[in-house]
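A quick write-up on the structure given underneath.
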Amino acid sequence: LRVQSAKHGVGYVEPSPLEQLTRELRQLQTAFVIIGGLATAVYSPGRLTEDLDILVSTSTAREVRAELERLGAKWLGPLSIGGTTYELPSGLTLDVVESAAPWVAAALGSPHRGPSGYPIVALPYLVVLKLDAGRDRDLADIAQMLGRASEQELTTVRQVVAKHLASQVADLESLIQLGQLETGTMPPHSTQERAAERPAPERKQQPDHGGRGRS
């Protein structure tokens with residue numbers, strides 16, 4: 001998505017946040033994946049966001065901080081969920097989310113690569129991240145993403161969730177069926193009654209973090 005910018009005169013086309021982000025982070029040597037709204041938009045076209053978030057391992061967070069500082073990023077403050085907010089040289093705000101969860105190494109080691117090669121968190125791990133957060137927006141995102149997913153993708157998502165969030169397998173199935181109903185992709189053998197029999201996904205009550213550190 002590109003917009004006209006009066007700052008640079010008529011006819012200038014400003015790069016999208018993702019293009020600017022990847023341009024500035026191209027020099028990072030430490031593993032990271034893009035999460036948040038930008039990642040969600042890859043699997044659910046039409047999801048608009050201005051949030052710029054990346055995920056790194058807690059074990060390499062110090063290296064990431066040092067690399068960002070060398071790139072000229074300005075430290076703005078800590079994230080309440082773990083991590084740091086930076087202002088990049090372009091003026092974009094970046095949330096660096098740090099996690100020591102068991103699945104993080106696999107997520108960093110097997111990203112989805114977009115046309116430009118930028119590392120987007122793979123769908124199964126984005127689902128795990130959002131299921132664990134459990135906010136209304138996250139659950140709605142999961143339904144939208146999985147409503148568009150192929151059977152092969154759904155199989156992989158089910159396997160990853162069963163491994164890392166076994167207690168939420170039933171919630172996952174409810175969200176898959178909800179998404180398929182909303183997008184009109186419900187398989188012929190499934191019915192609305194079957195979906196209605198499943199309990200609604202539990203929503204977690206979480207404090208407002210000021211809009212930062214989205215999954």
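Quick note on naming: the chains in the structure tokens go A, B, ... in the order shown, residues restart at 1 in each chain, and ligands are numbered from 1 in order of appearance.
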
For Ala143 (chain A), find every residue with an atom within 12 Å (counting only C-alpha atoms), except residues of its own chain fewer than 4 positions away, and show them as a ChimeraX atom specification. /A:40,43-44,127,130-131,136-139,147-149,154,171-183,185,201

Got a sec to tell me which of region 25-204 of chain A DSSP assigns to alpha helix (DSSP H), as a CSV table (one decimal) with C-alpha atoms, in the first residue's frame?
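Ended up saving to states28.csv:
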```csv
chain,number,residue,atom,x,y,z
A,25,LEU,CA,16.2,-3.8,9.2
A,36,GLY,CA,1.6,-8.1,14.7
A,37,GLY,CA,-0.7,-6.5,12.2
A,38,LEU,CA,1.8,-6.6,9.3
A,39,ALA,CA,2.1,-10.4,9.7
A,40,THR,CA,-1.7,-10.8,10.0
A,41,ALA,CA,-2.2,-8.9,6.8
A,42,VAL,CA,-0.2,-11.5,4.9
A,43,TYR,CA,-2.6,-14.2,5.9
A,61,ALA,CA,17.8,-9.7,22.7
A,62,ARG,CA,21.0,-8.0,23.7
A,63,GLU,CA,22.5,-8.5,20.3
A,64,VAL,CA,19.4,-7.1,18.6
A,65,ARG,CA,19.5,-4.0,20.8
A,66,ALA,CA,23.1,-3.4,19.9
A,67,GLU,CA,22.5,-3.8,16.2
A,68,LEU,CA,19.5,-1.4,16.3
A,69,GLU,CA,21.6,1.2,18.1
A,70,ARG,CA,24.3,0.9,15.5
A,104,VAL,CA,10.1,-19.3,19.5
A,105,ALA,CA,13.2,-21.0,18.2
A,106,ALA,CA,11.1,-22.9,15.6
A,107,ALA,CA,9.3,-19.7,14.6
A,108,LEU,CA,12.6,-17.9,14.1
A,109,GLY,CA,14.0,-20.8,12.2
A,123,LEU,CA,1.0,-18.9,10.2
A,124,PRO,CA,1.0,-21.7,12.9
A,125,TYR,CA,3.2,-19.7,15.2
A,126,LEU,CA,1.2,-16.5,14.6
A,127,VAL,CA,-1.9,-18.5,15.6
A,128,VAL,CA,-0.1,-19.7,18.8
A,129,LEU,CA,1.0,-16.1,19.6
A,130,LYS,CA,-2.6,-14.8,19.2
A,131,LEU,CA,-4.2,-17.7,21.0
A,132,ASP,CA,-1.9,-17.2,23.9
A,133,ALA,CA,-2.8,-13.5,24.0
A,136,ASP,CA,-10.9,-10.2,21.1
A,137,ARG,CA,-8.9,-8.7,18.2
A,138,ASP,CA,-6.5,-11.6,18.2
A,139,LEU,CA,-9.3,-14.2,18.2
A,140,ALA,CA,-11.0,-12.4,15.3
A,141,ASP,CA,-7.7,-12.3,13.4
A,142,ILE,CA,-7.3,-16.1,13.9
A,143,ALA,CA,-10.8,-16.8,12.5
A,144,GLN,CA,-10.2,-14.6,9.5
A,145,MET,CA,-6.8,-16.1,8.8
A,146,LEU,CA,-7.8,-19.7,9.2
A,147,GLY,CA,-11.0,-19.2,7.3
A,151,GLU,CA,-6.4,-28.0,4.5
A,152,GLN,CA,-2.7,-28.5,4.5
A,153,GLU,CA,-2.1,-25.3,6.4
A,154,LEU,CA,-4.8,-26.1,8.9
A,155,THR,CA,-3.2,-29.5,9.5
A,156,THR,CA,0.1,-27.8,10.4
A,157,VAL,CA,-1.6,-25.2,12.6
A,158,ARG,CA,-3.4,-28.0,14.5
A,159,GLN,CA,-0.2,-29.9,15.0
A,160,VAL,CA,1.7,-26.8,16.3
A,161,VAL,CA,-1.1,-25.7,18.6
A,162,ALA,CA,-1.5,-29.3,20.0
A,163,LYS,CA,2.2,-29.3,20.8
A,164,HIS,CA,2.5,-25.9,22.4
A,169,VAL,CA,-7.2,-27.2,20.8
A,170,ALA,CA,-11.0,-27.0,21.2
A,171,ASP,CA,-10.9,-23.2,21.0
A,172,LEU,CA,-8.8,-23.5,17.8
A,173,GLU,CA,-11.4,-25.7,16.2
A,174,SER,CA,-14.2,-23.3,17.0
A,175,LEU,CA,-12.2,-20.4,15.4
A,176,ILE,CA,-11.5,-22.5,12.3
A,177,GLN,CA,-15.2,-23.2,11.9
A,178,LEU,CA,-16.2,-19.6,12.6
A,179,GLY,CA,-13.7,-18.4,10.0
A,180,GLN,CA,-14.9,-20.9,7.4
A,181,LEU,CA,-18.5,-19.8,8.0
A,182,GLU,CA,-17.6,-16.1,7.7
A,183,THR,CA,-15.5,-16.7,4.5
A,192,GLN,CA,-23.4,-24.6,11.3
A,193,GLU,CA,-25.0,-26.8,14.0
A,194,ARG,CA,-21.7,-28.6,14.4
A,195,ALA,CA,-19.9,-25.4,14.9
A,196,ALA,CA,-22.5,-24.1,17.3
A,197,GLU,CA,-22.0,-27.2,19.5
```

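Those residues in region 17-102 of chain A carrying a DSSP assignment of strand (DSSP E or B), computed from the backbone, are Val33, Ile34, Ile35, Asp53, Ile54, Leu55, Val56, Ser57, Lys74, Trp75, Leu76, Gly77, Pro78, Gly83, Thr84, Thr85, Tyr86, Glu87, Thr93, Leu94, Asp95, Val96, Val97, Glu98 and Ser99 of chain A.
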
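When only C-alpha atoms are used to compute distances to Pro89 (chain A), the closest of the residues A:Glu24, A:Pro111, A:Trp75, A:Val33 turns out to be A:Glu24.
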
Contact table region 65-89 of chain A vs region 93-103 of chain A, cut-off 8 Å, shortest pair per residue, only C-alpha atoms, as a Markdown table:
```
| residue | atom | partner | partner_atom | distance |
| --- | --- | --- | --- | --- |
| A:Leu79 | CA | A:Val97 | CA | 7.6 |
| A:Ile81 | CA | A:Val97 | CA | 7.6 |
| A:Gly82 | CA | A:Glu98 | CA | 5.5 |
| A:Gly83 | CA | A:Val97 | CA | 4.5 |
| A:Thr84 | CA | A:Val96 | CA | 5.3 |
| A:Thr85 | CA | A:Asp95 | CA | 4.5 |
| A:Tyr86 | CA | A:Leu94 | CA | 5.1 |
| A:Glu87 | CA | A:Thr93 | CA | 4.5 |
| A:Leu88 | CA | A:Thr93 | CA | 6.2 |
```

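Distances from A:Ala122, A:Leu76, A:Leu71, A:Leu92 to Leu55 (chain A) were compared using only C-alpha atoms, and the smallest one belongs to A:Ala122.
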
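Here CA of Gly91 (chain A) is placed at a distance of 24.5 Å from CA of Pro115 (chain A).
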
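Candidate residues A:Ile35, A:Leu28, A:Ala73, A:Ile54 were compared for distance to Ser90 (chain A), and the nearest is A:Ala73, using only C-alpha atoms.
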
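Checking A:Gly72, A:Ala31, A:Ala166, A:Ser80 one by one against Val56 (chain A), counting only C-alpha atoms, you find the shortest gap at A:Ala31.
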